[in-house]
Amino acid sequence: MNENRAWEIAQNAYRVEAESIPHALSGISRNEFMKAVEVLKNAPRIATSGCGHSGICCQHFAHLMCCIERPARFISPSEAIHGATGYLQEGDVILLASRGGKTAELLPILSICKRKGITVIAVTENLGSSLAEGADIVLQMLVTKEVDPFNEQGTTSFTVLSVLFDALQAALIVATGFQSTQFALIHPGGAVGERLNQSI
């Protein structure tokens with residue numbers, strides 16, 4: 001093993017991901033972002049879906065929504081076309097994430113949701129993709145490069161997507177007037193719950 005090369009690549013990963021965040025912010029449209037905040041604020045139910053790393057990050061976003069009392073769940077792309085989209089009704093919102101915007105598993109979900117009157121938020125780098133063109137709101141995720149030596153693994157792209165989701169939750173806390181006392185009630189567990197509940 002070339003230990004020096006491995007350590008060099010590892011250190012560079014921190015730099016690559018740190019530099020990717022301001023670059024990603026430059027691609028976010030304030031208008032589209034605030035439209036997303038508004039529909040998420042008013043949605044009776046929220047769903048998220050994606051494949052691979054995007055899907056894992058979408059699970060995180062669904063949890064973030066639940067943490068601020070926005071009812072949400074992740075729908076597996078494979079389950080979505082076998083009845084799971086029945087969770088969503090007219091007026092609800094689904095967020096579909098795909099860096100390339102061409103993930104084949106997501107396009108049938110997009111079609112179902114459009115027919116059901118569900119607002120679709122697409123998160124993708126490719127604004128000309130089928131996913132972006134079919135969505136009601138598009139949030140662009142700009143990615144500089146992945147951190148692995150072959151620029152192939154969903155590393156930096158995962159970070160960019162995660163930061164976008166964190167930003168949406170932060171904005172929604174302000175938009176909805178969510179209070180820490182509400183979080184204390186639904187999060188009594190762990191060190192966070194202990195700290196929060198000491199003050200109420």
# chains A, B, ... in the order shown; residues from 1 in each chain; ligands from 1
>>> select_by_dssp(residues="segment 29-153 of chain A", states="alpha helix (DSSP H)", output="PDB file with C-alpha atoms, in the first residue's frame")
ATOM      1  CA  ARG A  30     -33.745  31.772  -4.551  1.00  0.00           C
ATOM      2  CA  ASN A  31     -37.141  31.759  -6.256  1.00  0.00           C
ATOM      3  CA  GLU A  32     -37.230  27.978  -6.704  1.00  0.00           C
ATOM      4  CA  PHE A  33     -35.887  27.370  -3.211  1.00  0.00           C
ATOM      5  CA  MET A  34     -38.542  29.563  -1.585  1.00  0.00           C
ATOM      6  CA  LYS A  35     -41.251  27.900  -3.695  1.00  0.00           C
ATOM      7  CA  ALA A  36     -40.052  24.577  -2.319  1.00  0.00           C
ATOM      8  CA  VAL A  37     -40.175  25.934   1.237  1.00  0.00           C
ATOM      9  CA  GLU A  38     -43.732  27.173   0.691  1.00  0.00           C
ATOM     10  CA  VAL A  39     -45.107  23.904  -0.672  1.00  0.00           C
ATOM     11  CA  LEU A  40     -43.322  21.854   1.995  1.00  0.00           C
ATOM     12  CA  LYS A  41     -44.726  24.162   4.654  1.00  0.00           C
ATOM     13  CA  ASN A  42     -48.295  23.637   3.458  1.00  0.00           C
ATOM     14  CA  GLY A  52     -28.385   4.739  -4.353  1.00  0.00           C
ATOM     15  CA  HIS A  53     -26.686   7.547  -2.454  1.00  0.00           C
ATOM     16  CA  SER A  54     -29.490   9.938  -3.403  1.00  0.00           C
ATOM     17  CA  GLY A  55     -32.009   7.549  -1.885  1.00  0.00           C
ATOM     18  CA  ILE A  56     -30.059   7.305   1.358  1.00  0.00           C
ATOM     19  CA  CYS A  57     -29.925  11.100   1.520  1.00  0.00           C
ATOM     20  CA  CYS A  58     -33.668  11.274   0.823  1.00  0.00           C
ATOM     21  CA  GLN A  59     -34.248   9.061   3.856  1.00  0.00           C
ATOM     22  CA  HIS A  60     -32.340  11.644   5.874  1.00  0.00           C
ATOM     23  CA  PHE A  61     -34.529  14.420   4.487  1.00  0.00           C
ATOM     24  CA  ALA A  62     -37.731  12.574   5.397  1.00  0.00           C
ATOM     25  CA  HIS A  63     -36.411  12.259   8.948  1.00  0.00           C
ATOM     26  CA  LEU A  64     -35.511  15.953   9.031  1.00  0.00           C
ATOM     27  CA  MET A  65     -39.075  16.795   8.059  1.00  0.00           C
ATOM     28  CA  CYS A  66     -40.497  14.583  10.812  1.00  0.00           C
ATOM     29  CA  CYS A  67     -38.200  16.296  13.317  1.00  0.00           C
ATOM     30  CA  PRO A  77     -38.519   3.481  -5.915  1.00  0.00           C
ATOM     31  CA  SER A  78     -39.233  -0.232  -6.245  1.00  0.00           C
ATOM     32  CA  GLU A  79     -42.188  -0.030  -3.842  1.00  0.00           C
ATOM     33  CA  ALA A  80     -43.508   3.218  -5.331  1.00  0.00           C
ATOM     34  CA  LEU A 107     -39.721   8.565 -14.007  1.00  0.00           C
ATOM     35  CA  PRO A 108     -42.782   6.318 -13.451  1.00  0.00           C
ATOM     36  CA  ILE A 109     -43.145   7.904  -9.985  1.00  0.00           C
ATOM     37  CA  LEU A 110     -43.081  11.340 -11.593  1.00  0.00           C
ATOM     38  CA  SER A 111     -45.835  10.289 -14.000  1.00  0.00           C
ATOM     39  CA  ILE A 112     -48.030   8.843 -11.232  1.00  0.00           C
ATOM     40  CA  CYS A 113     -47.656  11.924  -9.066  1.00  0.00           C
ATOM     41  CA  LYS A 114     -48.463  14.327 -11.879  1.00  0.00           C
ATOM     42  CA  ARG A 115     -51.663  12.393 -12.610  1.00  0.00           C
ATOM     43  CA  LYS A 116     -52.618  12.459  -8.920  1.00  0.00           C
ATOM     44  CA  SER A 130     -36.801  14.436 -18.034  1.00  0.00           C
ATOM     45  CA  LEU A 131     -37.067  14.713 -14.260  1.00  0.00           C
ATOM     46  CA  ALA A 132     -36.430  18.458 -14.228  1.00  0.00           C
ATOM     47  CA  GLU A 133     -38.739  19.180 -17.145  1.00  0.00           C
ATOM     48  CA  GLY A 134     -41.589  17.223 -15.575  1.00  0.00           C
TER      49      GLY A 134
END
>>> residues_around(residues="segment 139-151 of chain A", least_positions_apart="2", cutoff="7 Å", atoms="only C-alpha atoms", output="list in words")
Ala13, Val16, Ser20, His23, Ala24, Gly27, Ile28, Glu32, Phe33, Ala122, Val123, Thr124, Glu125, Ile137, Gln153, Gly154, Thr155, Thr156, Ser157, Val160 and Leu161 of chain A
>>> write_last_selection(atoms="N, CA and C atoms", output="mmCIF file, in the first residue's frame")
data_model
loop_
_atom_site.group_PDB
_atom_site.id
_atom_site.type_symbol
_atom_site.label_atom_id
_atom_site.label_comp_id
_atom_site.auth_asym_id
_atom_site.auth_seq_id
_atom_site.Cartn_x
_atom_site.Cartn_y
_atom_site.Cartn_z
ATOM 1 N N ALA A 13 -9.821 14.953 0.164
ATOM 2 C CA ALA A 13 -11.268 14.770 0.233
ATOM 3 C C ALA A 13 -11.920 15.883 1.040
ATOM 4 N N VAL A 16 -11.877 19.050 -1.205
ATOM 5 C CA VAL A 16 -12.828 18.955 -2.320
ATOM 6 C C VAL A 16 -14.253 19.194 -1.830
ATOM 7 N N SER A 20 -16.867 22.380 -2.495
ATOM 8 C CA SER A 20 -18.079 22.081 -3.263
ATOM 9 C C SER A 20 -19.297 22.835 -2.731
ATOM 10 N N HIS A 23 -19.812 26.404 -4.119
ATOM 11 C CA HIS A 23 -20.107 26.225 -5.548
ATOM 12 C C HIS A 23 -21.557 25.768 -5.724
ATOM 13 N N ALA A 24 -21.990 24.843 -4.861
ATOM 14 C CA ALA A 24 -23.367 24.345 -4.938
ATOM 15 C C ALA A 24 -24.366 25.459 -4.652
ATOM 16 N N GLY A 27 -25.584 27.660 -7.486
ATOM 17 C CA GLY A 27 -26.540 27.122 -8.444
ATOM 18 C C GLY A 27 -27.979 27.124 -7.957
ATOM 19 N N ILE A 28 -28.199 27.492 -6.705
ATOM 20 C CA ILE A 28 -29.540 27.475 -6.135
ATOM 21 C C ILE A 28 -30.287 28.753 -6.480
ATOM 22 N N GLU A 32 -36.851 29.387 -6.749
ATOM 23 C CA GLU A 32 -37.230 27.978 -6.704
ATOM 24 C C GLU A 32 -37.118 27.424 -5.275
ATOM 25 N N PHE A 33 -36.078 27.832 -4.576
ATOM 26 C CA PHE A 33 -35.887 27.370 -3.211
ATOM 27 C C PHE A 33 -37.052 27.807 -2.321
ATOM 28 N N ALA A 122 -38.022 18.423 -7.891
ATOM 29 C CA ALA A 122 -36.901 17.641 -8.413
ATOM 30 C C ALA A 122 -35.597 18.271 -7.950
ATOM 31 N N VAL A 123 -34.678 17.435 -7.513
ATOM 32 C CA VAL A 123 -33.326 17.891 -7.183
ATOM 33 C C VAL A 123 -32.384 17.182 -8.142
ATOM 34 N N THR A 124 -31.745 17.953 -9.006
ATOM 35 C CA THR A 124 -30.899 17.370 -10.040
ATOM 36 C C THR A 124 -29.890 18.390 -10.530
ATOM 37 N N GLU A 125 -28.812 17.899 -11.098
ATOM 38 C CA GLU A 125 -27.814 18.782 -11.712
ATOM 39 C C GLU A 125 -28.206 19.124 -13.142
ATOM 40 N N ILE A 137 -41.155 22.169 -9.371
ATOM 41 C CA ILE A 137 -40.091 22.984 -8.784
ATOM 42 C C ILE A 137 -38.790 22.234 -8.980
ATOM 43 N N GLN A 153 -17.570 7.783 -7.372
ATOM 44 C CA GLN A 153 -18.451 7.443 -6.255
ATOM 45 C C GLN A 153 -19.272 8.652 -5.815
ATOM 46 N N GLY A 154 -20.474 8.393 -5.280
ATOM 47 C CA GLY A 154 -21.360 9.487 -4.881
ATOM 48 C C GLY A 154 -20.977 10.080 -3.544
ATOM 49 N N THR A 155 -19.845 10.753 -3.502
ATOM 50 C CA THR A 155 -19.314 11.300 -2.248
ATOM 51 C C THR A 155 -19.633 12.791 -2.111
ATOM 52 N N THR A 156 -18.985 13.595 -2.925
ATOM 53 C CA THR A 156 -19.270 15.029 -2.892
ATOM 54 C C THR A 156 -20.722 15.304 -3.253
ATOM 55 N N SER A 157 -21.269 14.546 -4.178
ATOM 56 C CA SER A 157 -22.668 14.742 -4.560
ATOM 57 C C SER A 157 -23.601 14.456 -3.390
ATOM 58 N N VAL A 160 -23.348 17.567 -1.106
ATOM 59 C CA VAL A 160 -24.100 18.691 -1.679
ATOM 60 C C VAL A 160 -25.601 18.505 -1.460
ATOM 61 N N LEU A 161 -26.089 17.284 -1.684
ATOM 62 C CA LEU A 161 -27.504 17.005 -1.500
ATOM 63 C C LEU A 161 -27.897 17.133 -0.032
#
>>> atom_distance(atom1="atom CA of Ala43 of chain A", atom2="atom CA of Val138 of chain A")
17.0 Å
>>> residues_around(residues="Val163 of chain A", least_positions_apart="5", cutoff="9 Å", atoms="only C-alpha atoms", output="list of chain:residue names")
A:Ile21, A:Phe158, A:Leu168
>>> closest_residue(among="A:Leu96, A:Ile81, A:Leu25, A:Ala6", to="Gly50 of chain A", atoms="only C-alpha atoms")
A:Leu96
>>> select_by_dssp(residues="segment 4-186 of chain A", states="strand (DSSP E)", output="PyMOL selection string")
chain A and resi 46-50+72-74+93-97+119-124+137-140
>>> closest_residue(among="A:Ser98, A:Ser49, A:Asn126, A:Thr159", to="Glu19 of chain A", atoms="only C-alpha atoms")
A:Thr159
>>> residues_around(residues="Ile68 of chain A", least_positions_apart="4", cutoff="8 Å", atoms="only C-alpha atoms", output="ChimeraX atom specification")
/A:64,169,173,178,182-183
>>> decode(residues="segment 74-99 of chain A", atoms="N, CA and C atoms", output="PDB file, in the first residue's frame")
ATOM      1  N   PHE A  74     -39.925   8.208   3.418  1.00  0.00           N
ATOM      2  CA  PHE A  74     -39.183   7.816   2.228  1.00  0.00           C
ATOM      3  C   PHE A  74     -39.933   6.679   1.556  1.00  0.00           C
ATOM      4  N   ILE A  75     -40.107   6.774   0.244  1.00  0.00           N
ATOM      5  CA  ILE A  75     -40.735   5.708  -0.526  1.00  0.00           C
ATOM      6  C   ILE A  75     -39.679   5.088  -1.447  1.00  0.00           C
ATOM      7  N   SER A  76     -39.425   3.820  -1.245  1.00  0.00           N
ATOM      8  CA  SER A  76     -38.479   3.121  -2.109  1.00  0.00           C
ATOM      9  C   SER A  76     -38.969   3.170  -3.551  1.00  0.00           C
ATOM     10  N   PRO A  77     -38.100   3.461  -4.506  1.00  0.00           N
ATOM     11  CA  PRO A  77     -38.519   3.481  -5.915  1.00  0.00           C
ATOM     12  C   PRO A  77     -39.157   2.165  -6.361  1.00  0.00           C
ATOM     13  N   SER A  78     -38.663   1.054  -5.844  1.00  0.00           N
ATOM     14  CA  SER A  78     -39.233  -0.232  -6.245  1.00  0.00           C
ATOM     15  C   SER A  78     -40.628  -0.429  -5.661  1.00  0.00           C
ATOM     16  N   GLU A  79     -40.867   0.095  -4.457  1.00  0.00           N
ATOM     17  CA  GLU A  79     -42.188  -0.030  -3.842  1.00  0.00           C
ATOM     18  C   GLU A  79     -43.174   0.998  -4.394  1.00  0.00           C
ATOM     19  N   ALA A  80     -42.644   2.122  -4.869  1.00  0.00           N
ATOM     20  CA  ALA A  80     -43.508   3.218  -5.331  1.00  0.00           C
ATOM     21  C   ALA A  80     -44.439   2.785  -6.442  1.00  0.00           C
ATOM     22  N   ILE A  81     -43.930   1.955  -7.346  1.00  0.00           N
ATOM     23  CA  ILE A  81     -44.748   1.529  -8.491  1.00  0.00           C
ATOM     24  C   ILE A  81     -45.515   0.238  -8.206  1.00  0.00           C
ATOM     25  N   HIS A  82     -45.494  -0.155  -6.924  1.00  0.00           N
ATOM     26  CA  HIS A  82     -46.274  -1.324  -6.509  1.00  0.00           C
ATOM     27  C   HIS A  82     -47.230  -0.949  -5.384  1.00  0.00           C
ATOM     28  N   GLY A  83     -47.736   0.291  -5.463  1.00  0.00           N
ATOM     29  CA  GLY A  83     -48.783   0.699  -4.530  1.00  0.00           C
ATOM     30  C   GLY A  83     -48.389   1.721  -3.486  1.00  0.00           C
ATOM     31  N   ALA A  84     -47.091   1.916  -3.231  1.00  0.00           N
ATOM     32  CA  ALA A  84     -46.674   2.807  -2.146  1.00  0.00           C
ATOM     33  C   ALA A  84     -46.998   4.276  -2.407  1.00  0.00           C
ATOM     34  N   THR A  85     -47.202   4.638  -3.677  1.00  0.00           N
ATOM     35  CA  THR A  85     -47.579   6.030  -3.964  1.00  0.00           C
ATOM     36  C   THR A  85     -49.006   6.319  -3.501  1.00  0.00           C
ATOM     37  N   GLY A  86     -49.708   5.296  -3.041  1.00  0.00           N
ATOM     38  CA  GLY A  86     -51.017   5.513  -2.451  1.00  0.00           C
ATOM     39  C   GLY A  86     -50.952   6.297  -1.159  1.00  0.00           C
ATOM     40  N   TYR A  87     -49.754   6.401  -0.586  1.00  0.00           N
ATOM     41  CA  TYR A  87     -49.545   7.243   0.596  1.00  0.00           C
ATOM     42  C   TYR A  87     -49.863   8.702   0.290  1.00  0.00           C
ATOM     43  N   LEU A  88     -49.633   9.105  -0.949  1.00  0.00           N
ATOM     44  CA  LEU A  88     -49.784  10.501  -1.354  1.00  0.00           C
ATOM     45  C   LEU A  88     -51.148  10.774  -1.966  1.00  0.00           C
ATOM     46  N   GLN A  89     -51.702  11.920  -1.599  1.00  0.00           N
ATOM     47  CA  GLN A  89     -52.983  12.358  -2.129  1.00  0.00           C
ATOM     48  C   GLN A  89     -52.826  13.747  -2.745  1.00  0.00           C
ATOM     49  N   GLU A  90     -53.827  14.172  -3.483  1.00  0.00           N
ATOM     50  CA  GLU A  90     -53.785  15.488  -4.120  1.00  0.00           C
ATOM     51  C   GLU A  90     -53.468  16.562  -3.077  1.00  0.00           C
ATOM     52  N   GLY A  91     -52.526  17.425  -3.415  1.00  0.00           N
ATOM     53  CA  GLY A  91     -52.117  18.486  -2.498  1.00  0.00           C
ATOM     54  C   GLY A  91     -50.856  18.161  -1.723  1.00  0.00           C
ATOM     55  N   ASP A  92     -50.428  16.890  -1.748  1.00  0.00           N
ATOM     56  CA  ASP A  92     -49.192  16.493  -1.082  1.00  0.00           C
ATOM     57  C   ASP A  92     -47.983  16.848  -1.954  1.00  0.00           C
ATOM     58  N   VAL A  93     -46.794  16.589  -1.412  1.00  0.00           N
ATOM     59  CA  VAL A  93     -45.544  16.921  -2.103  1.00  0.00           C
ATOM     60  C   VAL A  93     -44.627  15.709  -2.113  1.00  0.00           C
ATOM     61  N   ILE A  94     -43.960  15.485  -3.234  1.00  0.00           N
ATOM     62  CA  ILE A  94     -42.899  14.484  -3.286  1.00  0.00           C
ATOM     63  C   ILE A  94     -41.622  15.139  -3.779  1.00  0.00           C
ATOM     64  N   LEU A  95     -40.504  14.783  -3.158  1.00  0.00           N
ATOM     65  CA  LEU A  95     -39.195  15.260  -3.589  1.00  0.00           C
ATOM     66  C   LEU A  95     -38.449  14.086  -4.204  1.00  0.00           C
ATOM     67  N   LEU A  96     -38.044  14.248  -5.457  1.00  0.00           N
ATOM     68  CA  LEU A  96     -37.315  13.210  -6.191  1.00  0.00           C
ATOM     69  C   LEU A  96     -35.896  13.698  -6.461  1.00  0.00           C
ATOM     70  N   ALA A  97     -34.915  12.919  -6.051  1.00  0.00           N
ATOM     71  CA  ALA A  97     -33.522  13.342  -6.205  1.00  0.00           C
ATOM     72  C   ALA A  97     -32.758  12.414  -7.137  1.00  0.00           C
ATOM     73  N   SER A  98     -32.110  13.012  -8.121  1.00  0.00           N
ATOM     74  CA  SER A  98     -31.282  12.259  -9.067  1.00  0.00           C
ATOM     75  C   SER A  98     -30.284  13.223  -9.679  1.00  0.00           C
ATOM     76  N   ARG A  99     -29.017  13.005  -9.452  1.00  0.00           N
ATOM     77  CA  ARG A  99     -28.013  13.945  -9.965  1.00  0.00           C
ATOM     78  C   ARG A  99     -28.156  14.146 -11.477  1.00  0.00           C
TER      79      ARG A  99
END
